[in-house]
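S.K.: What follows is work-v8.cif; its format and atoms are mmCIF, C-alpha atoms.
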```
data_target
#
loop_
_atom_site.label_atom_id
_atom_site.label_comp_id
_atom_site.auth_asym_id
_atom_site.auth_seq_id
_atom_site.Cartn_x
_atom_site.Cartn_y
_atom_site.Cartn_z
CA MET A 114 -13.48 -6.54 9.63
CA PRO A 115 -14.16 -9.38 7.15
CA GLN A 116 -12.40 -12.68 7.76
CA GLU A 117 -10.55 -12.32 4.47
CA LYS A 118 -7.76 -9.74 4.76
CA GLU A 119 -7.49 -8.42 1.21
CA LEU A 120 -10.87 -8.18 -0.53
CA HIS A 121 -9.52 -6.37 -3.62
CA PHE A 122 -13.02 -5.16 -4.49
CA PHE A 123 -11.90 -1.73 -5.71
CA SER A 124 -8.97 -3.24 -7.62
CA LEU A 125 -9.49 -6.77 -8.95
CA HIS A 126 -13.16 -7.59 -8.23
CA HIS A 127 -14.99 -4.36 -8.95
CA GLY A 128 -17.12 -6.04 -11.59
CA SER A 129 -18.61 -8.30 -8.92
CA GLY A 130 -20.77 -5.38 -7.79
CA PRO A 131 -21.54 -3.62 -4.48
CA ARG A 132 -23.62 -6.48 -3.10
CA TRP A 133 -20.63 -8.83 -3.39
CA TYR A 134 -18.64 -6.31 -1.38
CA SER A 135 -21.27 -5.62 1.28
CA ASN A 136 -21.81 -9.35 1.84
CA HIS A 137 -18.35 -9.48 3.44
CA PHE A 138 -19.64 -7.28 6.29
CA LEU A 139 -22.86 -9.11 7.17
CA ALA A 140 -21.51 -9.99 10.63
CA ALA A 141 -21.32 -6.31 11.61
CA CYS A 142 -23.75 -4.98 14.20
CA PRO A 143 -25.94 -1.95 13.40
CA GLY A 144 -23.89 1.22 13.75
CA GLN A 145 -20.60 -0.65 14.00
CA VAL A 146 -17.64 0.81 12.13
CA ARG A 147 -16.62 -1.46 9.26
CA GLY A 148 -13.38 -1.62 7.34
CA GLU A 149 -11.01 -3.78 5.35
CA ILE A 150 -7.32 -3.95 4.44
CA THR A 151 -6.13 -4.07 0.82
CA PRO A 152 -2.71 -2.42 0.31
CA TYR A 153 -3.01 -2.62 -3.50
CA TYR A 154 -5.68 0.10 -3.44
CA LEU A 155 -2.97 2.75 -3.02
CA PHE A 156 -1.19 1.75 -6.24
CA HIS A 157 -4.18 0.79 -8.38
CA PRO A 158 -5.00 3.83 -10.58
CA GLU A 159 -8.77 3.19 -10.61
CA ALA A 160 -9.23 2.50 -6.90
CA PRO A 161 -9.60 6.12 -5.67
CA ARG A 162 -12.40 6.88 -8.16
CA ARG A 163 -14.20 3.63 -7.36
CA ILE A 164 -13.94 4.16 -3.60
CA GLN A 165 -15.26 7.70 -3.88
CA ALA A 166 -18.19 6.58 -6.03
CA LEU A 167 -19.37 3.93 -3.55
CA LEU A 168 -18.10 5.29 -0.21
CA PRO A 169 -17.63 9.07 -0.50
CA GLN A 170 -17.48 9.49 3.29
CA ALA A 171 -14.94 6.71 3.85
CA ARG A 172 -11.97 7.31 6.10
CA LEU A 173 -8.76 5.97 4.62
CA ILE A 174 -5.68 4.85 6.50
CA VAL A 175 -2.46 4.62 4.49
CA LEU A 176 0.41 2.68 6.03
CA LEU A 177 3.73 3.51 4.36
CA ARG A 178 7.01 1.65 4.68
CA ASP A 179 10.48 3.00 3.93
CA PRO A 180 10.51 2.99 0.08
CA VAL A 181 13.77 1.06 -0.30
CA ALA A 182 12.73 -1.56 2.26
CA ARG A 183 9.32 -1.83 0.57
CA THR A 184 10.93 -2.32 -2.86
CA LEU A 185 13.18 -5.12 -1.63
CA SER A 186 10.42 -6.76 0.38
CA GLN A 187 8.12 -6.95 -2.63
CA TYR A 188 10.84 -8.39 -4.84
CA PHE A 189 11.71 -11.18 -2.42
CA HIS A 190 8.04 -11.86 -1.72
CA SER A 191 7.39 -12.35 -5.45
CA TYR A 192 10.54 -14.45 -5.74
CA ARG A 193 9.53 -16.76 -2.87
CA LEU A 194 6.09 -17.27 -4.41
CA GLY A 195 7.58 -18.17 -7.78
CA LEU A 196 6.15 -15.01 -9.39
CA GLU A 197 9.63 -13.69 -10.16
CA THR A 198 12.38 -15.57 -11.97
CA LEU A 199 14.83 -12.73 -12.62
CA ASP A 200 17.52 -11.71 -10.17
CA LEU A 201 16.99 -8.43 -8.34
CA GLU A 202 18.95 -6.13 -10.62
CA ALA A 203 17.51 -7.66 -13.79
CA ALA A 204 13.98 -7.38 -12.37
CA LEU A 205 14.49 -3.70 -11.58
CA ARG A 206 15.79 -3.06 -15.10
CA ALA A 207 12.85 -4.92 -16.65
CA GLU A 208 10.18 -3.18 -14.57
CA SER A 209 9.30 -0.30 -16.89
CA VAL A 210 8.83 -2.63 -19.87
CA ARG A 211 6.77 -5.06 -17.83
CA LEU A 212 4.39 -2.30 -16.72
CA MET A 213 3.69 -1.00 -20.21
CA GLY A 214 0.00 -1.05 -21.08
CA SER A 215 -1.15 -1.57 -17.49
CA PRO A 216 -3.44 1.52 -17.27
CA VAL A 217 -5.56 0.28 -20.19
CA CYS A 218 -5.87 -3.21 -18.72
CA LEU A 219 -6.77 -1.94 -15.26
CA ALA A 220 -9.48 0.43 -16.48
CA ALA A 221 -11.84 -2.53 -17.02
CA ASP A 222 -14.01 -3.48 -14.02
CA ASN A 223 -12.27 -6.81 -13.49
CA GLY A 224 -9.14 -5.83 -15.38
CA ARG A 225 -5.85 -7.34 -14.33
CA HIS A 226 -2.24 -6.76 -15.25
CA PRO A 227 -0.09 -9.31 -13.38
CA SER A 228 3.12 -7.29 -13.56
CA HIS A 229 1.39 -4.20 -12.19
CA GLN A 230 0.67 -6.10 -8.99
CA GLU A 231 3.64 -8.48 -8.84
CA HIS A 232 6.62 -6.74 -10.54
CA SER A 233 6.07 -3.07 -9.64
CA TYR A 234 8.99 -2.87 -7.24
CA LEU A 235 10.09 0.73 -7.79
CA ALA A 236 6.83 2.14 -9.15
CA ARG A 237 4.83 0.97 -6.15
CA SER A 238 7.28 2.73 -3.84
CA ARG A 239 6.63 6.10 -5.54
CA TYR A 240 4.13 7.26 -2.94
CA GLU A 241 4.30 10.85 -4.12
CA GLN A 242 2.73 9.75 -7.42
CA GLN A 243 -0.06 7.75 -5.77
CA LEU A 244 -1.22 9.94 -2.89
CA PRO A 245 -2.37 12.88 -5.07
CA ARG A 246 -5.00 10.63 -6.67
CA TYR A 247 -6.60 10.34 -3.23
CA MET A 248 -5.98 13.95 -2.24
CA GLU A 249 -7.98 15.04 -5.29
CA ARG A 250 -11.04 13.02 -4.26
CA PHE A 251 -11.05 12.99 -0.46
CA SER A 252 -10.71 15.74 2.12
CA ALA A 253 -7.68 15.92 4.37
CA ASN A 254 -9.68 14.76 7.40
CA GLN A 255 -10.56 11.54 5.55
CA LEU A 256 -6.92 10.51 5.10
CA LEU A 257 -4.49 9.34 7.76
CA LEU A 258 -0.90 8.72 6.68
CA LEU A 259 1.24 6.56 8.96
CA ARG A 260 4.68 5.00 8.84
CA SER A 261 4.65 1.25 9.30
CA GLU A 262 7.87 1.59 11.31
CA ASP A 263 5.99 3.68 13.90
CA LEU A 264 3.20 1.12 14.10
CA PHE A 265 5.61 -1.59 15.21
CA GLN A 266 7.99 0.58 17.24
CA GLN A 267 5.37 2.78 18.98
CA PRO A 268 2.08 0.87 18.71
CA ALA A 269 0.39 2.66 21.62
CA MET A 270 0.97 6.06 20.03
CA VAL A 271 -0.36 4.90 16.65
CA TRP A 272 -3.34 3.22 18.32
CA ARG A 273 -4.33 6.54 19.88
CA GLN A 274 -4.08 8.20 16.46
CA LEU A 275 -6.32 5.54 14.94
CA LEU A 276 -8.98 5.86 17.64
CA LEU A 277 -9.06 9.63 17.24
CA PHE A 278 -9.15 9.44 13.44
CA LEU A 279 -12.03 6.93 13.45
CA SER A 280 -13.92 8.77 16.23
CA LEU A 281 -13.90 5.65 18.41
CA ASP A 282 -14.09 5.54 22.19
CA CYS A 283 -10.85 4.94 24.04
CA GLN A 284 -10.14 1.23 24.46
CA PRO A 285 -7.11 -0.95 25.19
CA LEU A 286 -4.55 -1.65 22.53
CA PRO A 287 -5.30 -5.12 21.08
CA PRO A 288 -2.53 -7.72 20.91
CA MET A 289 -0.07 -6.87 18.17
CA ALA A 290 0.95 -9.43 15.57
CA ALA A 291 4.66 -9.64 14.89
CA ALA A 292 5.90 -7.51 12.02
CA ASN A 293 6.19 -9.41 8.76
CA ARG A 294 9.88 -9.16 7.99
CA GLY A 295 9.95 -11.73 5.22
CA GLY A 296 12.75 -14.22 5.00
CA GLY A 297 15.57 -11.82 5.76
CA GLU A 298 16.85 -11.83 2.18
CA GLU A 299 16.93 -8.03 2.16
CA LYS A 300 20.02 -8.16 4.36
CA THR A 301 21.94 -9.93 1.60
CA VAL A 302 21.48 -7.09 -0.92
CA PRO A 303 24.78 -5.25 -1.49
CA ARG A 304 24.91 -1.71 -0.14
CA SER A 305 25.69 -0.43 -3.63
CA VAL A 306 22.40 -1.83 -4.93
CA GLN A 307 20.45 -0.41 -2.00
CA ASN A 308 22.04 2.99 -2.64
CA TRP A 309 21.10 2.77 -6.33
CA ILE A 310 17.47 2.03 -5.39
CA ARG A 311 17.43 4.96 -2.98
CA ASP A 312 18.78 7.23 -5.74
CA GLN A 313 15.92 6.11 -8.01
CA LEU A 314 13.46 6.89 -5.25
CA GLU A 315 15.02 10.20 -4.19
CA PRO A 316 11.98 12.20 -5.40
CA THR A 317 9.79 10.07 -3.15
CA TYR A 318 11.88 10.71 -0.06
CA ARG A 319 12.08 14.42 -0.82
CA VAL A 320 8.38 14.99 -1.57
CA MET A 321 7.19 12.83 1.32
CA GLU A 322 9.21 14.91 3.75
CA GLN A 323 8.47 18.30 2.22
CA SER A 324 4.78 17.81 1.44
CA TYR A 325 3.64 15.27 4.03
CA GLY A 326 6.15 15.58 6.87
CA ILE A 327 7.11 11.90 6.63
CA ARG A 328 10.80 11.09 6.72
CA TRP A 329 12.90 7.94 6.53
CA ASP A 330 16.59 8.22 7.32
CA PRO A 331 19.11 6.05 5.42
CA THR A 332 19.85 2.81 7.25
#
```
Go through the file and emit its structure as structure tokens.
M.R.:
Amino acid sequence: MPQEKELHFFSLHHGSGPRWYSNHFLAACPGQVRGEITPYYLFHPEAPRRIQALLPQARLIVLLRDPVARTLSQYFHSYRLGLETLDLEAALRAESVRLMGSPVCLAADNGRHPSHQEHSYLARSRYEQQLPRYMERFSANQLLLLRSEDLFQQPAMVWRQLLLFLSLDCQPLPPMAAANRGGGEEKTVPRSVQNWIRDQLEPTYRVMEQSYGIRWDPT
């Protein structure tokens, strides 16, 4: 793994070229499995095509959080960083307008659309709209879908899944970092607002359970 967690090559830095990307893995030994972590690849509309073009045999691990919790976490993360000035309900209402024109901007090699990355609270939680882009380009045995809740609640079970998926020899579970639970602001969101968000994301919950066997119960 490179020292930098989110390389964003297939999203924000694609114009830098393959050599820029491969230089992040120079410390790898011959034959060693190499990988990186960039969550934005799932939401970026150009990432699946770019990954397939450079790494057609890649194995992809998708870690999915409860859609409502993910929506709230992203909002408060953007708010803490000063990327969001609107209150939660206003930000959710403004989202569709903010995202207008993003596909055209992101089609360029180094294209960026700040709101697509920073203000996509509901849209980025619509996993059922994002996963098909990968399903169209990669075989089922190249994709592993996991719930982030299982990773932190049953790490040994998920670790075994990862080793099997990556065809790695059995080895001890490495020390787990604590789950990033933000600043706890999510707990202050009124239940009525949380229910409204879940209603907006009802298609996601339904399709994820019916098509992928992944379920999140209301909290």
S.K.: Give as an MDAnalysis selection string each residue that has an atom at most 12 Å from (8.4, -14.6, -0.8) in the file, counting all atoms listed in the file.
M.R.: chainID A and resid 185:198 231 293:299
S.K.: Nearest to Ile327 (chain A): which of A:Leu275, A:Cys142, A:Leu125, A:Leu259 is it, counting only C-alpha atoms?
M.R.: A:Leu259
S.K.: Could you expand the PyMOL selection byres ((chain A and resi 126-135) around 10) into the explicit residues it covers here, written as a PyMOL selection string?
M.R.: chain A and resi 115+120-125+136-139+159-160+163+167+221-225
S.K.: Kindly give the distance, in Å, that separates CA of Ala166 (chain A) and CA of Leu277 (chain A), rounded to a single decimal.
M.R.: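 For CA of Ala166 (chain A) relative to CA of Leu277 (chain A), the distance reads 25.2 Å.
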S.K.: Apply the PyMOL selection byres ((chain A and resi 144-153) around 10) to the structure shown and report the selected residues as a ChimeraX atom specification.
M.R.: /A:114-125,137-138,140-143,154-158,160,171-177,229-230,237,279-281
S.K.: Taking the file above as input, evaluate the PyMOL selection byres ((chain A and resi 302-314) around 12) and report the hits as a PyMOL selection string.
M.R.: chain A and resi 179-186+188-189+200-203+205-206+234-242+297-301+315-321+329-332
S.K.: Rounded to one decimal place, report the CA of Arg178 (chain A)-CA of Ser233 (chain A) distance in Å.
M.R.: 15.1 Å
S.K.: Please measure the separation of CA of Ser324 (chain A) and CA of Asn254 (chain A), giving the value in Å to one decimal.
M.R.: 15.9 Å
S.K.: Smallest atom-to-atom distance to Tyr325 (chain A): which of A:Met270, A:Cys283, A:Leu256, A:Leu264, using all atoms listed in the file?
M.R.: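 For Tyr325 (chain A), the nearest of the candidates is A:Leu256.
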